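I have placed the structure first, in the form of structure tokens, so that the comments after it can refer back to it.
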Amino acid sequence: MSRAMVPSQQKLAEKLTILNDRGRGMLTRIYNIKKIYSPNKKKMLGNPQNKPGFLTDKAYEPVYRYLLRRFPHVDSKSSTLQVINNIKQDVVKSLSLYYFTFVDIMDFKDHVVDLLTTIDACQVHMDVTLNYDLTVNYLNLISTYVSLMILMSRVEDRRVVLSLYNVAYEYLNASSDPSFPRLGQMVIDYDIPLRKLSEEFVPHSRVVVPALLSLHKIYPKRNLPADQMRATGMLSLLAEPLKIMNVPNTDMVQCEYLSLDSMEKWIIFSMMLCHTYLQEAQLWDLWKTALQSGYIVQLCRDEVLHIHSYINTFFESLKGHNLHKRITEVKDLQHQALQSSPAIHRERRKFLRSALKELALIFTDQPGLLGPKGLYVFQALAVARDEIHWLLRHFDNPPSKKHTVKLSQEDFVDRQLPELLFNMEELKSLLRKYNQVVQRYFVQYLAGYDAVLLNQLIQEITNDSNLAHCPEDESVILSSLYNTIAGLSVKQVEANEVFDFRGVRLDWFRLQAYTSVSRAGLVLRDHQDLGKHLNMIVFHTKLVDYLDELINETGDLSIYCFYHQIFEHQFKQCMEFPAQHRFSIVFPIICGHFMNATHELCPEERHSIGTTSVQYAHWFLKEMSDEVNQVITAICEEQCMLNYKLLPKHSAASILQSSNKHKKNKDKKKQVGPEEEKPGTESVRKNRENFTRMDKLHMALTELCYAINHCNVIQVWEHGFVPREFFIQHLETRFNKALVGMMMYNPDTSEIAKPSELLSSVKAIMSVLQGLENYVQIDIARVFNSVLPQQTQATDSFNGEKTITANYTNWYLEVLLRRVTVNIGQIVYSPNHKAFVTVATDNNSKENLYLAAEEYADLTELRALAELIGPYGMRYLGERLMGHVASQVDELKKLVIQNKEVLFNMRTSFDKPEVMRDLFRRLGTGPVKQQGNTKNQVSDVDSVLMRMTIIGILLSFRSLAQDALLDVLEDRIPFLMASVQDLQHFVPNMKDTKYSHMKQQVVNEMASAAGLSCDIDPLLISALRSQKNEDGERKASTSSDTEVANESDYELACLLMVFVAVSIPTLAKKDVSVFKASLEGNLSNCHCLAKAVNQIAGALFTIHGPGDVSDRLQEFLALASSSLLRLGQSQEQEKETFKNRESVYILLDLIVQESPYLTMDLLESCFPYALLRNAYHTVYKASAVDI
């Protein structure tokens, strides 16, 4: 005796919910298995799992052939299978996930069949406009079930792998897996899945067909061409402006945003299984329209069916059903789909672009409309999402070549698709941003209207004479629904209370199940107003507590994760099309959708999909930043060229042309010629429509910066991407490279840009970058503060490459100053010009190309250099320079040691002319100098003078650089410089001499870093002290030390000054020692000895001695003056040899002027002032004659 079914005990709502979720999980698992085991698989996301090694091992091919032939009745005792016994552990471990996925599919199938049978037995009435949740979940379960069976049948080697696992399991456990017999039978039964499914669905058709017929009220209205959409004012808030504040008038609100793809899949799959009902007119219309809409149907992700050929194959396999007419109809529908559907969907996308843009603009301006017109957003998102899905699967799966219809690629390559995607994301962001606006509106709507109307409908049911009494379960649910929504208040929104209406929605789902079965106490069909109003209430509750999920349901674009090649192609196309640049930000935003594609039943793919999403988001933002930086670079190049034309050197041509205007030229032909374009002509516009290259660049910059500036943070998986920070990092890197690149430094040819020209270009680039703040919300000062200080160091922190400071330091020391010291008489330091001046060139030398030193080493250029590299860079330049000075001092010490005995005697006999003359002849004639060929050897006297001159040149350049730095800092930080100067001049006195010296040293270092001159350069002291420490370490590390290490440093310093003093008169013999009044210097740069003598003496006696710098310099002055006075007492022949005596006399005066320790009184006591006066008169008179 059969017992009547109680609907509440069947748990239809709960089972449909659970099985639909499980079905999606099983689809995900079988999809991943298919991708792994398919021989022609596409590249998997992230790090793909590969087939186990034994499946690809050719040694096991006989086993696999045997398993395939014997499936499912495999004899594990067969000798062929004995080899599996050796790898049984590996097989079971590797294939367990694969095997149990099929077991889970079998369990899922059993539950689905059981539920569908129960629904048939309950005679449930399905109507999508009435019991929406019940019908949608029922049809979704059918499509998921069919998709799963089809996808399972497409898994390669399923029979072999399942048999292999079972054999290994039997070897391991002495018995086969209990699920294998049924599992093997299922694989065989569903080898041609539709044949078995169509048999199963014969009894289910009584429920399926009414459910499909209810779609006839919705599907035709949703599947409209673009022209009809425009004509009906679909998605337009402005079509009826008087009703703009009204809620849309619809009695099937949830059907308005139902997925068109889902409906077509329901229609096609269900009618394939129930093909005998195609004779009904309404079902035939649905079938025809669905098959005309496209030729690809999605199974799962990017797994699809060429649906027409698949249907025909199935119909042809059904013998005895006489389906020739249906096959012909399907072929005709396929032809129509190929011919017309691409153009229809292309036009629909065009319509959606304008419609979504209009919605976004209106809701941005009036966010309050998101309350009454929120449904429009979900409608727009759903339609746009369906169109994008259609495009992706049809573009990725072109029809077979046997079809005669030629498809236009323009229908599939949509260059303006990023705009549609962007508008979708804009609408979603507006909903999230104004979430509370929507909540407030619908909380009031639920309590103030929905609850009142629901109460009236409940009262009508209670008073219905046809209804004896309302069943208890239904009455309890209706009362609970009313009480829940009637108790809502706006204060809950203001208090940020978390709403949860999941119970309300599940109760309504249950109520649909209870009232849709046959013989129900309360029949929903008889109370359609109640059903439609409760559907409306459910939608309103979702807008209060389920908004994010509703957005994902209607606007999820995670499908792009599986069409990554198309995704990349669309992005590249967007970057190539300037009109779409502003929408490029949508691509990294879409990467945040990828995790929506995952399912909890397949956790192993979360990491690969998450990694893929992060990698793509990073790549998109990197490409966008590179594109912006390329545009900025192009603008900077243009501005630098314009700025270059304004350099003073380009005015020479204009000045020459102006001077020639007053002269008459007889040859008129020579006067004819194109005039050079003057700076500023590029800004003259005769027509604003003429679009210049700069206009295009600024337009591109505007569009790209709009994209960068569109959102603050993009959440992708567990990462947050900040587009502006991404852009700033790339901008800093490119700016850093540009600064070094503009130097145009070529180590091979020793070419480099002038500091002033580089500074001009840098200022032009900075001006362009400052203009970026008008386009994007960034702090460009932060970029400057990050990049420019790095150029003051030797290497940058980006890539560890050389900076402006390193390159200019290397060029000035190794190129310019080396030429000054090597090519004597060609480049002269002129105190008068405050520059190094080129006075002559060696045309015969191929190595030394012409170099105008004054164009690089005058005060103007060094000011520009100081502004570029700042005090830190100038200090680095000084340290490198002092390193060269220290090396020269070390060589000088070696020369002093070689002549120590002679110098010691000369120091004590400077008042004995004859003795001094004999001792001077002995200088440089030691045993070292007697070795080898002495013909080309330089005497020690000349060597000392040459090295001291080199030191003087280096120190002169250092002084010039310090003056330039001082000028810059006084202009940039005048108040701070005033404080530094005060500290230098008024150092507080202290009783403790030790601490007083330390304080003086600290202040001097600070003053030197600021460009102020000091009596003794702190960097020179530091360089010589470090050299002394190195010598001390060398002395301690060697057992038998050299002669140099044993000498007293102080004594060597004293003898060095003696050596220099007695060597100075020999300068008078050289032609290049002549003093040039116009330069205020000697051609041999020996006037730089003045700075060298004072600085070296001050530094050496500060480090090595008791601080008697003044005494030692007085001794030097006495020695030098006595030596020079002997020149005047020489015989006539010697006077001709010492023809530049006057120039050398002036050197003595320069030494005293340069010294902070010597005075003119001391000089006059040693050297007659009349000689100095006559010397100046002679050299200035000679210079005037030369001019």
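Letters A, B, ... mark the chains of the structure tokens in the order given; residue numbers begin at 1 per chain; ligand numbers begin at 1, in order shown.
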
When you look at A:Tyr563 with a cut-off of 8 Å (counting only C-alpha atoms), what residues show up, excluding the ones that are within fewer than 6 positions of it in the same chain? I need them as JSON, numbers by chain. {"A": [302, 392, 396]}

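Residues lying within 10 Å of A:Met744, counting only C-alpha atoms and ignoring same-chain neighbours fewer than 4 positions away, are Leu739, Val740, Ser750, Glu751, Ile752, Ala753, Lys754 and Leu758 of chain A.
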
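Contact shell of stretch 1018-1027 of chain A at 6 Å (only C-alpha atoms; same-chain neighbours under 3 positions omitted): Met882, Ala886, Glu1005, Glu1030 and Ala1099 of chain A.
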
Hey, what's within 8 Å of stretch 564-577 of chain A if we count only C-alpha atoms and toss same-chain stuff fewer than 3 positions away? As a ChimeraX atom specification, please? /A:392,396,415-418,560-561,580-581,583-584,587,620,624,627

Pull N, CA, C and O atoms from the residues just selected and write them as a JSON list (two decimals), in the first residue's frame.
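Contents of again.json, as written:
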```
[["chain", "number", "residue", "atom", "x", "y", "z"],
["A", 392, "LEU", "N", 33.12, 35.81, -26.19],
["A", 392, "LEU", "CA", 34.32, 35.04, -25.84],
["A", 392, "LEU", "C", 34.24, 33.61, -26.38],
["A", 392, "LEU", "O", 35.19, 33.12, -27.00],
["A", 396, "ASP", "N", 36.54, 32.28, -29.58],
["A", 396, "ASP", "CA", 37.55, 31.26, -29.30],
["A", 396, "ASP", "C", 37.25, 29.94, -30.01],
["A", 396, "ASP", "O", 38.14, 29.09, -30.12],
["A", 415, "ARG", "N", 36.77, 46.55, -30.97],
["A", 415, "ARG", "CA", 37.78, 47.46, -30.45],
["A", 415, "ARG", "C", 37.25, 48.33, -29.31],
["A", 415, "ARG", "O", 38.03, 48.90, -28.55],
["A", 416, "GLN", "N", 35.93, 48.44, -29.21],
["A", 416, "GLN", "CA", 35.34, 49.29, -28.17],
["A", 416, "GLN", "C", 34.77, 48.48, -27.01],
["A", 416, "GLN", "O", 34.06, 49.02, -26.17],
["A", 417, "LEU", "N", 35.14, 47.21, -26.95],
["A", 417, "LEU", "CA", 34.67, 46.38, -25.85],
["A", 417, "LEU", "C", 35.15, 46.89, -24.49],
["A", 417, "LEU", "O", 34.39, 46.81, -23.51],
["A", 418, "PRO", "N", 36.38, 47.41, -24.35],
["A", 418, "PRO", "CA", 36.80, 47.93, -23.03],
["A", 418, "PRO", "C", 35.85, 48.99, -22.47],
["A", 418, "PRO", "O", 35.67, 49.06, -21.25],
["A", 560, "TYR", "N", 36.90, 35.35, -17.99],
["A", 560, "TYR", "CA", 38.13, 35.79, -18.66],
["A", 560, "TYR", "C", 39.35, 34.99, -18.18],
["A", 560, "TYR", "O", 40.35, 34.91, -18.88],
["A", 561, "CYS", "N", 39.24, 34.42, -16.99],
["A", 561, "CYS", "CA", 40.37, 33.63, -16.47],
["A", 561, "CYS", "C", 40.69, 32.46, -17.39],
["A", 561, "CYS", "O", 41.84, 32.02, -17.45],
["A", 580, "GLN", "N", 40.29, 54.32, -26.49],
["A", 580, "GLN", "CA", 39.92, 53.37, -25.44],
["A", 580, "GLN", "C", 40.92, 53.36, -24.28],
["A", 580, "GLN", "O", 40.78, 52.57, -23.35],
["A", 581, "HIS", "N", 41.92, 54.24, -24.32],
["A", 581, "HIS", "CA", 42.95, 54.24, -23.29],
["A", 581, "HIS", "C", 42.37, 54.42, -21.89],
["A", 581, "HIS", "O", 42.81, 53.80, -20.92],
["A", 583, "PHE", "N", 39.79, 53.43, -20.62],
["A", 583, "PHE", "CA", 39.06, 52.27, -20.10],
["A", 583, "PHE", "C", 39.99, 51.09, -19.81],
["A", 583, "PHE", "O", 39.53, 50.03, -19.43],
["A", 584, "SER", "N", 41.30, 51.29, -20.00],
["A", 584, "SER", "CA", 42.25, 50.18, -19.83],
["A", 584, "SER", "C", 42.32, 49.70, -18.39],
["A", 584, "SER", "O", 42.69, 48.55, -18.14],
["A", 587, "PHE", "N", 40.84, 46.18, -17.07],
["A", 587, "PHE", "CA", 41.46, 44.86, -17.19],
["A", 587, "PHE", "C", 42.05, 44.38, -15.87],
["A", 587, "PHE", "O", 41.79, 43.23, -15.46],
["A", 620, "PHE", "N", 49.17, 43.96, -16.46],
["A", 620, "PHE", "CA", 48.34, 45.03, -17.03],
["A", 620, "PHE", "C", 48.80, 46.39, -16.50],
["A", 620, "PHE", "O", 48.97, 47.34, -17.27],
["A", 624, "MET", "N", 50.39, 49.47, -18.62],
["A", 624, "MET", "CA", 49.77, 50.79, -18.59],
["A", 624, "MET", "C", 50.77, 51.85, -18.15],
["A", 624, "MET", "O", 50.86, 52.93, -18.75],
["A", 627, "GLU", "N", 53.17, 52.52, -20.89],
["A", 627, "GLU", "CA", 52.57, 53.33, -21.95],
["A", 627, "GLU", "C", 52.51, 54.80, -21.56],
["A", 627, "GLU", "O", 52.83, 55.68, -22.35]]
```

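Considering only C-alpha atoms, the residue among A:Asn1085, A:Asn463, A:Thr1159, A:Gln444 positioned nearest to A:Ile485 is A:Gln444.
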
I need the strand (DSSP E or B) residues of stretch 790-1017 of chain A per DSSP on the backbone, written as a compact mmCIF listing (two decimals) with N, CA and C atoms, in the first residue's frame.
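Output below, filename out_7.txt:
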```txt
# COMPACT_ATOMS: atom_id res chain seq x y z
N THR A 795 76.25 55.79 -7.14
CA THR A 795 75.38 54.82 -7.81
C THR A 795 73.96 55.02 -7.31
N LYS A 802 75.71 53.85 -12.62
CA LYS A 802 76.39 55.12 -12.38
C LYS A 802 75.42 56.29 -12.58
N ILE A 827 95.99 74.22 -22.08
CA ILE A 827 94.84 74.62 -21.26
C ILE A 827 95.37 75.24 -19.98
N VAL A 828 94.90 76.45 -19.70
CA VAL A 828 95.42 77.24 -18.58
C VAL A 828 94.28 77.58 -17.64
N TYR A 829 94.60 77.49 -16.33
CA TYR A 829 93.62 77.98 -15.36
C TYR A 829 93.78 79.48 -15.23
N SER A 830 92.67 80.21 -15.47
CA SER A 830 92.71 81.66 -15.43
C SER A 830 91.91 82.17 -14.24
N ALA A 835 88.00 80.32 -14.85
CA ALA A 835 87.76 79.18 -15.74
C ALA A 835 89.08 78.59 -16.19
N PHE A 836 89.01 77.37 -16.70
CA PHE A 836 90.12 76.78 -17.43
C PHE A 836 89.93 77.15 -18.89
N VAL A 837 90.97 77.70 -19.49
CA VAL A 837 90.85 78.26 -20.84
C VAL A 837 91.79 77.52 -21.78
N THR A 838 91.30 77.14 -22.93
CA THR A 838 92.13 76.52 -23.96
C THR A 838 92.81 77.63 -24.76
N ASP A 858 84.09 76.56 -16.65
CA ASP A 858 84.01 77.93 -16.18
C ASP A 858 82.99 77.98 -15.05
```

Any idea what's packed within 10 Å of A:Lys1070, counting only C-alpha atoms, ignoring anything in its chain fewer than 6 positions away? Could you give it as a PyMOL selection string? chain A and resi 1084+1137-1141

Grab the residues selected above and save them as a compact mmCIF listing (two decimals), in the first residue's frame with N, CA, C and O atoms.
```txt
# COMPACT_ATOMS: atom_id res chain seq x y z
N SER A 1084 102.19 77.45 -18.28
CA SER A 1084 102.47 76.11 -17.74
C SER A 1084 101.64 75.81 -16.50
O SER A 1084 101.81 74.77 -15.89
N THR A 1137 119.33 82.51 -20.07
CA THR A 1137 118.72 81.21 -19.80
C THR A 1137 117.47 81.39 -18.93
O THR A 1137 116.43 80.78 -19.18
N PHE A 1138 117.60 82.23 -17.92
CA PHE A 1138 116.46 82.50 -17.03
C PHE A 1138 115.67 83.69 -17.55
O PHE A 1138 115.57 84.73 -16.89
N LYS A 1139 115.09 83.52 -18.75
CA LYS A 1139 114.45 84.67 -19.40
C LYS A 1139 113.07 84.98 -18.83
O LYS A 1139 112.52 86.05 -19.11
N ASN A 1140 112.48 84.06 -18.05
CA ASN A 1140 111.16 84.32 -17.48
C ASN A 1140 111.25 84.55 -15.98
O ASN A 1140 110.38 84.14 -15.20
N ARG A 1141 112.33 85.26 -15.57
CA ARG A 1141 112.51 85.55 -14.14
C ARG A 1141 111.33 86.34 -13.58
O ARG A 1141 110.83 86.07 -12.49
```
